[in-house]
>>> print(open('start-v2.cif').read())   # mmCIF, C-alpha atoms
data_entry
#
loop_
_atom_site.label_atom_id
_atom_site.label_comp_id
_atom_site.auth_asym_id
_atom_site.auth_seq_id
_atom_site.Cartn_x
_atom_site.Cartn_y
_atom_site.Cartn_z
CA MET W 737 78.31 88.45 74.06
CA THR W 738 82.10 88.93 74.08
CA ARG W 739 81.98 90.21 77.67
CA PHE W 740 79.84 87.24 78.72
CA LEU W 741 82.23 84.79 77.07
CA TYR W 742 85.21 86.54 78.69
CA ALA W 743 83.63 86.26 82.16
CA ALA W 744 82.65 82.63 81.55
CA ALA W 745 86.17 81.79 80.40
CA TRP W 746 87.57 83.18 83.65
CA TRP W 747 85.16 81.08 85.74
CA LEU W 748 86.04 77.94 83.80
CA ALA W 749 89.77 78.63 84.02
CA THR W 750 89.91 79.53 87.72
CA PRO W 751 90.27 75.96 89.14
CA PHE W 752 93.13 75.30 86.75
CA VAL W 753 94.75 78.67 87.55
CA VAL W 754 94.65 77.91 91.28
CA ALA W 755 96.04 74.42 90.69
CA ARG W 756 98.91 75.93 88.73
CA LEU W 757 99.58 78.41 91.54
CA LEU W 758 99.89 75.56 94.02
CA TRP W 759 102.08 73.56 91.65
CA ARG W 760 104.43 76.51 91.11
CA SER W 761 104.57 77.15 94.86
CA ARG W 762 106.53 73.90 95.27
CA ARG W 763 109.58 75.62 93.81
CA GLN W 764 108.61 79.24 94.45
CA PRO W 765 106.80 79.48 97.80
CA GLY W 766 105.64 83.02 97.00
CA TYR W 767 102.94 81.64 94.73
CA GLY W 768 101.33 79.91 97.69
CA GLN W 769 101.23 83.05 99.83
CA HIS W 770 98.39 85.58 100.13
CA ILE W 771 96.20 83.59 97.70
CA GLY W 772 93.12 85.36 99.02
CA GLU W 773 94.41 88.62 97.55
CA ARG W 774 94.06 87.16 94.07
CA PHE W 775 90.31 86.97 94.77
CA GLY W 776 89.93 90.44 96.26
CA ARG W 777 90.43 89.56 99.95
CA TYR W 778 92.96 91.93 101.52
CA GLY W 779 91.91 92.17 105.14
CA THR W 780 91.66 95.55 106.85
CA ILE W 781 93.59 98.27 105.01
CA ALA W 782 94.23 101.62 106.70
CA PRO W 783 92.63 104.49 104.76
CA ALA W 784 95.18 106.69 103.01
CA PRO W 785 95.62 108.47 99.69
CA ARG W 786 97.22 105.96 97.32
CA ILE W 787 98.73 105.86 93.88
CA TRP W 788 98.56 102.33 92.58
CA VAL W 789 101.17 100.96 90.14
CA HIS W 790 100.81 97.54 88.54
CA ALA W 791 104.03 95.84 87.42
CA VAL W 792 103.27 92.28 86.40
CA SER W 793 106.73 90.70 86.81
CA VAL W 794 110.47 91.31 87.22
CA GLY W 795 111.12 93.37 84.09
CA GLU W 796 108.21 95.71 84.66
CA THR W 797 109.09 96.09 88.35
CA ARG W 798 112.68 97.07 87.60
CA ALA W 799 111.48 99.39 84.84
CA ALA W 800 109.02 101.00 87.25
CA ALA W 801 111.77 101.96 89.71
CA PRO W 802 112.63 105.42 88.32
CA MET W 803 108.94 106.22 87.85
CA ILE W 804 108.06 105.17 91.41
CA GLU W 805 110.96 107.21 92.79
CA ALA W 806 109.57 110.21 90.91
CA LEU W 807 106.05 109.55 92.25
CA LEU W 808 107.34 109.32 95.82
CA ALA W 809 109.16 112.63 95.40
CA LYS W 810 106.36 114.49 93.61
CA TRP W 811 103.41 113.24 95.69
CA PRO W 812 104.87 112.54 99.17
CA ALA W 813 101.47 112.50 100.91
CA HIS W 814 100.46 109.45 98.89
CA ARG W 815 101.33 105.87 99.61
CA ILE W 816 102.48 103.85 96.64
CA LEU W 817 100.72 100.51 96.20
CA LEU W 818 102.67 98.15 93.95
CA THR W 819 100.83 95.11 92.60
CA HIS W 820 102.17 92.09 90.76
CA MET W 821 101.10 88.80 89.20
CA THR W 822 104.33 86.79 89.62
CA ALA W 823 106.28 85.77 92.71
CA THR W 824 109.55 86.94 91.16
CA GLY W 825 107.99 90.34 90.47
CA ARG W 826 106.85 90.66 94.08
CA ASP W 827 110.25 89.59 95.39
CA THR W 828 111.93 92.13 93.11
CA GLY W 829 109.64 94.86 94.39
CA ALA W 830 110.61 94.05 97.98
CA GLN W 831 114.32 94.06 97.06
CA VAL W 832 114.16 97.34 95.16
CA PHE W 833 111.87 99.38 97.41
CA GLY W 834 112.06 97.72 100.82
CA GLY W 835 109.38 99.13 103.10
CA ARG W 836 108.79 102.30 101.10
CA VAL W 837 105.85 100.87 99.16
CA GLU W 838 102.90 98.63 99.90
CA GLN W 839 102.73 95.38 97.94
CA ALA W 840 99.86 93.09 96.99
CA TRP W 841 98.72 90.72 94.28
CA LEU W 842 96.53 92.16 91.57
CA PRO W 843 93.28 90.21 91.71
CA TYR W 844 92.18 87.91 88.92
CA ASP W 845 89.85 89.59 86.46
CA HIS W 846 86.59 88.57 88.16
CA ARG W 847 84.11 91.33 88.93
CA PHE W 848 83.83 90.44 92.64
CA ALA W 849 87.63 90.25 93.02
CA VAL W 850 88.28 93.58 91.32
CA ARG W 851 85.59 95.26 93.40
CA GLY W 852 87.16 93.81 96.56
CA PHE W 853 90.52 95.27 95.54
CA LEU W 854 89.06 98.73 94.88
CA ARG W 855 87.10 98.71 98.17
CA ALA W 856 90.19 97.74 100.14
CA PHE W 857 92.65 100.26 98.74
CA ARG W 858 90.53 103.02 97.16
CA PRO W 859 93.38 104.31 94.95
CA GLU W 860 93.31 107.92 93.79
CA LEU W 861 95.06 106.89 90.57
CA GLY W 862 95.93 103.60 88.93
CA ILE W 863 98.90 103.08 86.57
CA LEU W 864 99.15 99.87 84.52
CA LEU W 865 102.56 99.36 82.98
CA GLU W 866 103.19 98.37 79.36
CA THR W 867 100.45 96.04 78.03
CA GLU W 868 98.55 94.93 81.13
CA ILE W 869 95.03 95.45 79.79
CA TRP W 870 92.46 93.60 81.92
CA PRO W 871 88.94 94.38 80.62
CA ARG W 872 87.03 93.77 83.87
CA LEU W 873 89.59 95.77 85.87
CA VAL W 874 89.36 98.67 83.43
CA ALA W 875 85.55 98.63 83.46
CA GLU W 876 85.27 98.49 87.24
CA CYS W 877 87.76 101.33 87.71
CA ALA W 878 85.72 103.44 85.31
CA ALA W 879 82.52 102.59 87.19
CA ALA W 880 84.16 103.50 90.51
CA ASP W 881 85.58 106.73 89.05
CA VAL W 882 89.17 105.64 89.68
CA PRO W 883 91.38 107.22 87.00
CA LEU W 884 93.23 104.35 85.35
CA VAL W 885 95.97 104.82 82.75
CA LEU W 886 98.25 102.64 80.70
CA ALA W 887 101.80 103.99 81.07
CA ASN W 888 105.03 103.19 79.28
CA ALA W 889 102.63 101.47 76.92
CA ARG W 890 103.79 99.36 74.02
CA LEU W 891 101.85 97.39 71.44
CA SER W 892 103.53 95.26 68.81
CA GLU W 893 102.01 94.62 65.41
CA ARG W 894 101.37 91.03 66.43
CA SER W 895 99.53 92.04 69.62
CA ALA W 896 97.56 94.68 67.74
CA ARG W 897 96.33 92.04 65.30
CA ARG W 898 95.17 89.86 68.21
CA TYR W 899 93.23 92.71 69.81
CA ALA W 900 91.72 93.62 66.44
CA ARG W 901 89.91 90.27 66.36
CA PHE W 902 87.53 91.70 68.99
CA PRO W 903 87.10 95.27 67.71
CA ARG W 904 84.15 96.45 69.80
CA PHE W 905 85.35 94.82 73.03
CA THR W 906 88.85 96.23 72.57
CA ARG W 907 87.62 99.71 71.64
CA GLU W 908 85.32 99.92 74.68
CA THR W 909 88.10 98.73 77.02
CA LEU W 910 90.68 101.17 75.67
CA ARG W 911 88.25 104.10 75.77
CA ALA W 912 87.43 103.37 79.42
CA LEU W 913 91.04 104.23 80.28
CA ARG W 914 91.71 107.85 81.27
CA GLY W 915 94.69 107.88 78.96
CA ILE W 916 97.55 105.98 77.39
CA ALA W 917 101.16 107.16 77.61
CA ALA W 918 102.88 105.28 74.80
CA GLN W 919 106.59 104.60 74.45
CA THR W 920 106.79 105.54 70.77
CA GLU W 921 104.69 107.05 68.00
CA PRO W 922 104.22 103.63 66.29
CA ASP W 923 102.88 102.27 69.59
CA ALA W 924 100.54 105.26 69.88
CA ARG W 925 99.33 104.79 66.30
CA ARG W 926 98.49 101.13 66.91
CA PHE W 927 96.49 102.05 70.03
CA ARG W 928 94.61 104.77 68.12
CA ASP W 929 93.88 102.36 65.28
CA LEU W 930 92.19 100.06 67.81
CA GLY W 931 89.97 102.93 68.97
CA ALA W 932 91.90 104.38 71.92
CA GLU W 933 91.43 108.02 72.83
CA ARG W 934 93.66 110.39 74.83
CA VAL W 935 96.92 108.82 73.65
CA ALA W 936 100.22 110.64 74.27
CA VAL W 937 103.84 109.73 73.55
CA THR W 938 106.07 110.14 76.61
CA GLY W 939 108.95 107.76 75.80
CA ASN W 940 110.29 104.62 77.41
CA VAL W 941 110.96 104.94 81.16
CA LYS W 942 113.45 102.05 80.93
CA PHE W 943 115.95 104.54 79.50
CA ASP W 944 115.85 106.37 82.85
CA VAL W 945 117.34 103.36 84.63
CA ALA W 946 119.69 104.30 87.46
CA ILE W 947 122.54 101.89 88.15
CA PRO W 948 123.00 101.62 91.93
CA GLU W 949 126.58 101.86 93.12
CA ALA W 950 126.00 98.68 95.11
CA MET W 951 125.31 96.80 91.87
CA LEU W 952 128.51 98.10 90.29
CA GLN W 953 130.46 96.93 93.31
CA ARG W 954 128.73 93.57 93.24
CA GLY W 955 129.57 93.29 89.55
CA GLU W 956 133.25 93.89 90.30
CA ALA W 957 133.22 91.20 92.97
CA MET W 958 131.39 88.83 90.64
CA ARG W 959 133.92 89.42 87.88
CA ALA W 960 136.77 88.61 90.27
CA MET W 961 135.06 85.30 91.11
CA LEU W 962 134.49 84.49 87.44
CA GLY W 963 138.08 85.34 86.56
CA ALA W 964 139.44 88.83 85.97
CA ALA W 965 141.71 87.61 83.17
CA ARG W 966 139.01 85.62 81.41
CA ILE W 967 136.63 86.67 78.63
CA VAL W 968 133.16 86.72 80.16
CA TRP W 969 129.96 86.51 78.13
CA ILE W 970 126.64 86.96 79.90
CA ALA W 971 123.57 85.38 78.32
CA GLY W 972 121.00 87.40 80.24
CA SER W 973 117.41 86.37 81.01
CA THR W 974 117.39 83.37 78.69
CA ARG W 975 114.13 81.61 77.92
CA GLU W 976 113.21 77.96 77.56
CA GLY W 977 114.85 76.34 74.53
CA GLU W 978 117.49 79.02 74.13
CA GLU W 979 119.99 77.58 76.58
CA ALA W 980 120.31 74.32 74.62
CA LEU W 981 120.95 76.27 71.42
CA LEU W 982 123.55 78.48 73.09
CA LEU W 983 125.33 75.52 74.71
CA ASP W 984 125.48 73.64 71.42
CA ALA W 985 126.82 76.69 69.60
CA PHE W 986 129.33 77.39 72.37
CA ALA W 987 130.91 73.96 71.79
CA ALA W 988 132.48 75.37 68.60
CA ILE W 989 134.27 78.14 70.52
CA GLY W 990 137.83 76.95 70.91
CA ASP W 991 139.17 79.76 73.07
CA PRO W 992 139.50 78.29 76.60
CA ARG W 993 139.59 81.77 78.12
CA VAL W 994 135.91 82.32 77.30
CA LEU W 995 133.45 81.75 80.14
CA LEU W 996 129.75 81.71 79.23
CA VAL W 997 127.44 82.69 82.09
CA ILE W 998 123.81 81.73 81.47
CA VAL W 999 121.23 83.55 83.60
CA PRO W 1000 117.79 81.92 83.07
CA ARG W 1001 114.83 84.24 83.19
CA HIS W 1002 112.82 82.05 85.59
CA PRO W 1003 114.30 80.60 88.81
CA GLU W 1004 112.40 77.32 88.55
CA ARG W 1005 114.63 76.52 85.54
CA PHE W 1006 118.00 77.05 87.25
CA ASP W 1007 118.53 73.36 88.04
CA GLY W 1008 117.38 72.22 84.62
CA VAL W 1009 119.76 74.54 82.78
CA ALA W 1010 122.67 73.42 84.96
CA ALA W 1011 121.78 69.82 84.11
CA LEU W 1012 121.70 70.67 80.39
CA ALA W 1013 125.28 71.98 80.60
CA ARG W 1014 126.52 68.94 82.52
CA GLU W 1015 124.87 66.60 80.00
CA ARG W 1016 127.10 68.20 77.37
CA GLY W 1017 130.20 67.40 79.38
CA TYR W 1018 130.84 70.83 80.90
CA GLU W 1019 132.09 71.43 84.39
CA VAL W 1020 129.57 73.93 85.75
CA ALA W 1021 129.90 76.66 88.35
CA ARG W 1022 126.83 78.17 89.99
CA ARG W 1023 126.46 81.61 91.50
CA SER W 1024 124.59 80.15 94.47
CA GLU W 1025 127.67 78.10 95.43
CA GLY W 1026 129.58 81.32 96.16
CA THR W 1027 132.93 79.96 95.01
CA ALA W 1028 135.35 81.18 92.35
CA ALA W 1029 135.21 79.53 88.92
CA SER W 1030 138.28 77.47 88.18
CA GLU W 1031 140.05 77.61 84.81
CA ALA W 1032 138.44 74.28 83.92
CA VAL W 1033 134.96 75.84 84.13
CA ARG W 1034 133.62 77.03 80.78
CA ILE W 1035 129.95 77.38 81.78
CA ALA W 1036 128.49 79.16 84.82
CA ILE W 1037 124.84 79.42 85.81
CA GLY W 1038 123.59 82.68 87.23
CA ASP W 1039 121.12 81.15 89.68
CA SER W 1040 120.38 84.19 91.82
CA MET W 1041 117.63 86.78 91.88
CA GLY W 1042 117.93 90.56 91.87
CA GLU W 1043 121.46 90.62 90.44
CA MET W 1044 120.89 91.08 86.72
CA LEU W 1045 122.58 94.48 86.68
CA ALA W 1046 125.57 93.00 88.50
CA TYR W 1047 125.84 90.20 85.92
CA TYR W 1048 125.82 92.76 83.11
CA ALA W 1049 128.41 94.88 84.93
CA ALA W 1050 130.70 91.82 85.04
CA ALA W 1051 130.41 91.12 81.30
CA ASP W 1052 132.66 91.77 78.34
CA VAL W 1053 129.79 91.04 75.94
CA VAL W 1054 126.06 90.52 76.58
CA LEU W 1055 123.95 88.03 74.62
CA MET W 1056 120.33 89.10 74.98
CA GLY W 1057 118.01 86.37 76.21
CA GLY W 1058 114.56 86.04 74.69
CA SER W 1059 115.83 87.13 71.29
CA ILE W 1060 117.25 83.86 69.91
CA LEU W 1061 113.81 82.24 69.84
CA ALA W 1062 110.50 84.02 69.27
CA TYR W 1063 110.05 85.55 72.74
CA GLY W 1064 110.55 89.17 71.68
CA SER W 1065 113.77 89.79 73.69
CA GLN W 1066 114.38 90.91 77.24
CA ASN W 1067 115.51 94.39 78.23
CA LEU W 1068 118.64 95.35 76.27
CA ILE W 1069 118.58 98.91 77.65
CA GLU W 1070 120.13 97.79 80.97
CA PRO W 1071 123.38 96.40 79.51
CA CYS W 1072 123.56 99.41 77.18
CA ALA W 1073 123.33 101.72 80.21
CA LEU W 1074 126.33 99.87 81.63
CA GLY W 1075 128.30 100.41 78.44
CA LYS W 1076 128.34 96.79 77.30
CA PRO W 1077 128.29 95.59 73.68
CA VAL W 1078 124.99 93.78 73.09
CA ILE W 1079 124.17 90.97 70.68
CA VAL W 1080 120.50 90.34 69.86
CA GLY W 1081 118.90 87.56 67.87
CA PRO W 1082 116.13 87.85 65.30
CA SER W 1083 113.23 88.27 67.78
CA THR W 1084 113.01 91.71 69.40
CA PHE W 1085 109.35 92.68 69.03
CA ASN W 1086 109.06 93.60 72.74
CA PHE W 1087 111.91 96.11 72.30
CA GLU W 1088 111.72 96.81 68.57
CA GLU W 1089 112.36 100.55 68.76
CA ALA W 1090 115.11 100.20 71.36
CA ALA W 1091 116.78 97.35 69.48
CA GLY W 1092 116.64 99.20 66.18
CA GLY W 1093 117.99 102.35 67.77
CA ALA W 1094 120.82 100.53 69.54
CA ILE W 1095 121.83 98.77 66.33
CA ALA W 1096 121.73 102.04 64.37
CA ALA W 1097 123.83 103.72 67.07
CA GLY W 1098 126.49 101.02 66.87
CA ALA W 1099 125.74 99.79 70.41
CA ALA W 1100 124.24 96.43 69.43
CA LEU W 1101 124.52 93.84 66.72
CA ARG W 1102 121.74 91.64 65.33
CA VAL W 1103 122.47 88.01 64.41
CA PRO W 1104 120.23 85.30 62.91
CA ASP W 1105 120.86 82.45 65.36
CA ALA W 1106 122.90 81.08 68.26
CA PRO W 1107 126.00 80.04 66.24
CA ALA W 1108 126.16 83.53 64.72
CA ALA W 1109 125.78 85.03 68.22
CA MET W 1110 128.79 83.04 69.44
CA ALA W 1111 130.88 84.00 66.43
CA ALA W 1112 129.98 87.68 66.87
CA ALA W 1113 130.77 87.60 70.59
CA LEU W 1114 134.16 86.07 69.88
CA ALA W 1115 134.97 88.66 67.21
CA ILE W 1116 134.01 91.55 69.50
CA SER W 1117 135.92 90.07 72.42
CA HIS W 1118 139.14 89.90 70.40
CA ASP W 1119 138.78 93.42 69.00
CA ALA W 1120 139.35 95.80 71.93
CA PRO W 1121 138.83 99.07 69.96
CA ARG W 1122 135.53 97.78 68.57
CA ARG W 1123 134.39 96.58 71.99
CA GLU W 1124 135.20 99.94 73.56
CA ALA W 1125 133.49 101.84 70.73
CA MET W 1126 130.33 99.76 71.11
CA GLY W 1127 130.35 100.36 74.85
CA GLU W 1128 130.65 104.13 74.43
CA ALA W 1129 127.92 104.09 71.79
CA ALA W 1130 125.69 102.14 74.18
CA ARG W 1131 126.07 104.72 76.96
CA ALA W 1132 125.44 107.59 74.53
CA PHE W 1133 122.37 105.83 73.10
CA VAL W 1134 120.78 105.48 76.55
CA ALA W 1135 121.69 109.05 77.56
CA ALA W 1136 120.07 110.44 74.42
CA HIS W 1137 116.73 108.83 75.27
CA ARG W 1138 116.43 109.75 78.94
CA GLY W 1139 113.65 112.02 80.21
CA ALA W 1140 110.59 109.77 79.86
CA VAL W 1141 109.92 109.72 83.61
CA ALA W 1142 109.70 113.52 83.80
CA ARG W 1143 107.35 113.61 80.80
CA LEU W 1144 105.22 110.84 82.29
CA THR W 1145 104.84 112.43 85.72
CA ALA W 1146 103.88 115.74 84.10
CA TRP W 1147 101.27 113.87 82.04
CA LEU W 1148 99.91 112.15 85.18
CA GLU W 1149 99.59 115.30 87.29
CA PRO W 1150 96.18 116.49 85.98
CA LEU W 1151 94.68 113.08 86.74
CA LEU W 1152 95.07 113.40 90.52
CA PRO W 1153 92.18 115.19 92.26
CA ALA W 1154 93.06 118.81 92.99
CA ALA W 1155 92.61 118.37 96.76
CA CYS W 1156 95.06 115.46 96.79
CA ALA W 1157 97.61 117.34 94.74
CA ALA W 1158 97.35 120.29 97.13
CA ALA W 1159 97.91 117.99 100.12
CA ASP W 1160 101.06 116.64 98.48
CA ALA W 1161 102.30 120.14 97.72
CA GLY W 1162 102.07 120.96 101.43
CA THR W 1163 103.83 117.81 102.58
CA ALA W 1164 107.58 117.86 103.12
CA GLY W 1165 109.62 114.71 103.61
CA GLY W 1166 106.60 112.40 103.57
CA ALA W 1167 107.19 108.65 103.47
CA SER W 1168 105.18 105.73 102.25
CA ALA W 1169 103.76 103.16 104.62
CA PRO W 1170 105.58 99.93 105.33
CA ALA W 1171 105.08 97.21 102.75
CA ARG W 1172 102.23 94.79 103.32
CA ASP W 1173 103.96 91.49 102.64
#
>>> encode(input="start-v2.cif", output="structure tokens")
Amino acid sequence: MTRFLYAAAWWLATPFVVARLLWRSRRQPGYGQHIGERFGRYGTIAPAPRIWVHAVSVGETRAAAPMIEALLAKWPAHRILLTHMTATGRDTGAQVFGGRVEQAWLPYDHRFAVRGFLRAFRPELGILLETEIWPRLVAECAAADVPLVLANARLSERSARRYARFPRFTRETLRALRGIAAQTEPDARRFRDLGAERVAVTGNVKFDVAIPEAMLQRGEAMRAMLGAARIVWIAGSTREGEEALLLDAFAAIGDPRVLLVIVPRHPERFDGVAALARERGYEVARRSEGTAASEAVRIAIGDSMGEMLAYYAAADVVLMGGSILAYGSQNLIEPCALGKPVIVGPSTFNFEEAAGGAIAAGAALRVPDAPAAMAAALAISHDAPRREAMGEAARAFVAAHRGAVARLTAWLEPLLPAACAAADAGTAGGASAPARD
């Protein structure tokens, strides 16, 4: 009955989902492109051995980078197919990998659409990142004998309680996976409690982030434009409702040298956040304008895509978006890898282990709300020894947790058919096909 209701819900929701796609395409044209792929229509696809990686959006795509690089190196005879659900995720994939991977939309969780996807690409192995559990997709992969795993998997207590409302449905879906590579032992325990089998702990691949030299150079150039002598705070990947709280709290900061750069998580909100700042009487600079911020500017809007690492590189202190309100936080590992002091709010359930570890290591500080975040940022900014100590602790914290990609690729190896693995072993300098985009 649960499976029937799930399928019926998808059929009822589909017209509204398509309408939302078209509405979002007004500001992000990517949502209006390749719509047929979302229903399993991919045209003619050249046969080739493929490893398929699903990264739903921007964060997962950036996190997948070190893993995909390892897959390309270890299995050079295979093409890498990278699927997404969001336009920003697909754009990020193109920016990060260029033509070294194929790209496509993951189909909606209709039986006919999933079967169309599997017929088109025939992947040798499928890797879903983090918590992308689509019951129909999992069932159809099992029926087609496509090994499908959940990698870099995390499951918060809140999400576990939601899944537990449908115990049989959840158990059957999780057991149809060939395995789950969890980030931490608590994540693994929650999966096992829901009935999952073949669960391993391989760590969080986000700790294996590599900072491209180009991003460091871009960060230096960005800092020069923001003001080398100024105090720069980056509020990274902020979510709806947080910007207003941060702007109101920032009004109490009397130091005119402080420049707050707000980088909204979603590009369709760039204009709205800039308007919020102007409504409060601020002169606003925008990254897209490409001009230096004058001394009169106290607020800047980071309205560009693919530059989050550069923004963090330009910061004195990072305020972690998604943590002030109940969104669960965005990725604090990236600013830590750059040696930046990090301030997080009360909500970090998406990065609970990483947040707790960073705080314990002295790399991050937890605050209860936006005013406390501003006060903490000011205190850190005016205490150079403390700021430097937090930065060093941040780098050491990330270095101590590296190695998840190597553990994950070793865990994946037995899942590839022996003949395919042998073909890869005999291939030197292989390259993936050009991206389909």
>>> closest_atom_pairs(input="start-v2.cif", of="region 1071-1155 of chain W", to="region 1047-1059 of chain W", cutoff="8 Å", atoms="all atoms listed in the file", output="tab-separated table")
residue	atom	partner	partner_atom	distance
W:Pro1071	CA	W:Tyr1048	CA	5.7
W:Leu1074	CA	W:Ala1049	CA	6.3
W:Lys1076	CA	W:Val1053	CA	6.1
W:Pro1077	CA	W:Val1053	CA	5.3
W:Val1078	CA	W:Val1054	CA	4.9
W:Ile1079	CA	W:Leu1055	CA	4.9
W:Val1080	CA	W:Met1056	CA	5.3
W:Gly1081	CA	W:Ser1059	CA	4.6
W:Pro1082	CA	W:Ser1059	CA	6.0
W:Ser1083	CA	W:Ser1059	CA	4.5
W:Thr1084	CA	W:Ser1059	CA	5.7
W:Ala1109	CA	W:Leu1055	CA	7.3
W:Ala1113	CA	W:Val1053	CA	6.4
W:Ile1116	CA	W:Val1053	CA	7.7
W:Ser1117	CA	W:Asp1052	CA	7.0
>>> residues_around(input="start-v2.cif", residues="Asp845 (chain W)", least_positions_apart="2", cutoff="9 Å", atoms="all atoms listed in the file", output="short mmCIF file (atom, residue, chain, number, x, y, z; two decimals) with C-alpha atoms, in the coordinates of the input")
data_model
loop_
_atom_site.label_atom_id
_atom_site.label_comp_id
_atom_site.auth_asym_id
_atom_site.auth_seq_id
_atom_site.Cartn_x
_atom_site.Cartn_y
_atom_site.Cartn_z
CA ALA W 743 83.63 86.26 82.16
CA TRP W 746 87.57 83.18 83.65
CA PHE W 775 90.31 86.97 94.77
CA LEU W 842 96.53 92.16 91.57
CA PRO W 843 93.28 90.21 91.71
CA ARG W 847 84.11 91.33 88.93
CA PHE W 848 83.83 90.44 92.64
CA ALA W 849 87.63 90.25 93.02
CA VAL W 850 88.28 93.58 91.32
CA TRP W 870 92.46 93.60 81.92
CA PRO W 871 88.94 94.38 80.62
CA ARG W 872 87.03 93.77 83.87
CA LEU W 873 89.59 95.77 85.87
#
>>> closest_residue(input="start-v2.cif", among="W:Ala1013, W:Ile998, W:Val968, W:Ala1046", to="Glu949 (chain W)", atoms="all atoms listed in the file")
W:Ala1046
>>> closest_residue(input="start-v2.cif", among="W:Pro948, W:Gly852, W:Gly1064, W:Pro1107", to="Arg774 (chain W)", atoms="all atoms listed in the file")
W:Gly852
>>> closest_residue(input="start-v2.cif", among="W:Lys810, W:Arg926, W:Arg836, W:Arg894", to="Thr1145 (chain W)", atoms="all atoms listed in the file")
W:Lys810
>>> atom_distance(input="start-v2.cif", atom1="CA of Arg815 (chain W)", atom2="CA of Pro785 (chain W)")
6.3 Å
>>> atom_distance(input="start-v2.cif", atom1="CA of Glu1025 (chain W)", atom2="CA of Gly1008 (chain W)")
16.0 Å
>>> closest_residue(input="start-v2.cif", among="W:Ala1115, W:Pro1003, W:Phe853, W:Ala749", to="Thr780 (chain W)", atoms="only C-alpha atoms")
W:Phe853
>>> closest_residue(input="start-v2.cif", among="W:His1137, W:Arg1131, W:Arg1023, W:Arg739", to="Thr920 (chain W)", atoms="all atoms listed in the file")
W:His1137
>>> atom_distance(input="start-v2.cif", atom1="CA of Ala1106 (chain W)", atom2="CA of Leu981 (chain W)")
6.1 Å
>>> residues_around(input="start-v2.cif", residues="Glu978 (chain W)", least_positions_apart="2", cutoff="8 Å", atoms="only C-alpha atoms", output="PyMOL selection string")
chain W and resi 974-976+980-982+1057-1058+1060-1061
>>> closest_residue(input="start-v2.cif", among="W:Pro765, W:Gly977, W:Pro1104, W:Gly776", to="Glu1004 (chain W)", atoms="all atoms listed in the file")
W:Pro765
>>> resolve_selection(input="start-v2.cif", expression="the PyMOL selection byres ((chain W and resi 832) around 12)", output="PyMOL selection string")
chain W and resi 794+797-802+804-805+818+825-831+833-837+839+946-948+950-951+1041-1043+1171
>>> resolve_selection(input="start-v2.cif", expression="the PyMOL selection byres ((chain W and resi 1070) around 8)", output="PDB file with C-alpha atoms, keeping the file's coordinate frame")
ATOM      1  CA  LYS W 942     113.450 102.050  80.930  1.00  0.00           C
ATOM      2  CA  VAL W 945     117.340 103.360  84.630  1.00  0.00           C
ATOM      3  CA  LEU W1045     122.580  94.480  86.680  1.00  0.00           C
ATOM      4  CA  TYR W1048     125.820  92.760  83.110  1.00  0.00           C
ATOM      5  CA  ASN W1067     115.510  94.390  78.230  1.00  0.00           C
ATOM      6  CA  LEU W1068     118.640  95.350  76.270  1.00  0.00           C
ATOM      7  CA  ILE W1069     118.580  98.910  77.650  1.00  0.00           C
ATOM      8  CA  PRO W1071     123.380  96.400  79.510  1.00  0.00           C
ATOM      9  CA  CYS W1072     123.560  99.410  77.180  1.00  0.00           C
ATOM     10  CA  ALA W1073     123.330 101.720  80.210  1.00  0.00           C
ATOM     11  CA  LEU W1074     126.330  99.870  81.630  1.00  0.00           C
TER      12      LEU W1074
END
>>> residues_around(input="start-v2.cif", residues="Gly963 (chain W)", least_positions_apart="5", cutoff="12 Å", atoms="all atoms listed in the file", output="PDB file with C-alpha atoms, in the coordinates of the input")
ATOM      1  CA  GLU W 956     133.250  93.890  90.300  1.00  0.00           C
ATOM      2  CA  ALA W 957     133.220  91.200  92.970  1.00  0.00           C
ATOM      3  CA  MET W 958     131.390  88.830  90.640  1.00  0.00           C
ATOM      4  CA  VAL W 968     133.160  86.720  80.160  1.00  0.00           C
ATOM      5  CA  TRP W 969     129.960  86.510  78.130  1.00  0.00           C
ATOM      6  CA  ARG W 993     139.590  81.770  78.120  1.00  0.00           C
ATOM      7  CA  VAL W 994     135.910  82.320  77.300  1.00  0.00           C
ATOM      8  CA  LEU W 995     133.450  81.750  80.140  1.00  0.00           C
ATOM      9  CA  LEU W 996     129.750  81.710  79.230  1.00  0.00           C
ATOM     10  CA  VAL W 997     127.440  82.690  82.090  1.00  0.00           C
ATOM     11  CA  THR W1027     132.930  79.960  95.010  1.00  0.00           C
ATOM     12  CA  ALA W1028     135.350  81.180  92.350  1.00  0.00           C
ATOM     13  CA  ALA W1029     135.210  79.530  88.920  1.00  0.00           C
ATOM     14  CA  SER W1030     138.280  77.470  88.180  1.00  0.00           C
ATOM     15  CA  GLU W1031     140.050  77.610  84.810  1.00  0.00           C
ATOM     16  CA  ALA W1032     138.440  74.280  83.920  1.00  0.00           C
ATOM     17  CA  VAL W1033     134.960  75.840  84.130  1.00  0.00           C
ATOM     18  CA  ARG W1034     133.620  77.030  80.780  1.00  0.00           C
ATOM     19  CA  ALA W1036     128.490  79.160  84.820  1.00  0.00           C
ATOM     20  CA  ALA W1050     130.700  91.820  85.040  1.00  0.00           C
ATOM     21  CA  ALA W1051     130.410  91.120  81.300  1.00  0.00           C
ATOM     22  CA  ASP W1052     132.660  91.770  78.340  1.00  0.00           C
TER      23      ASP W1052
END
>>> resolve_selection(input="start-v2.cif", expression="the PyMOL selection byres ((chain W and resi 862) around 9)", output="ChimeraX atom specification")
/W:786-790,859-861,863-864,877,882-886
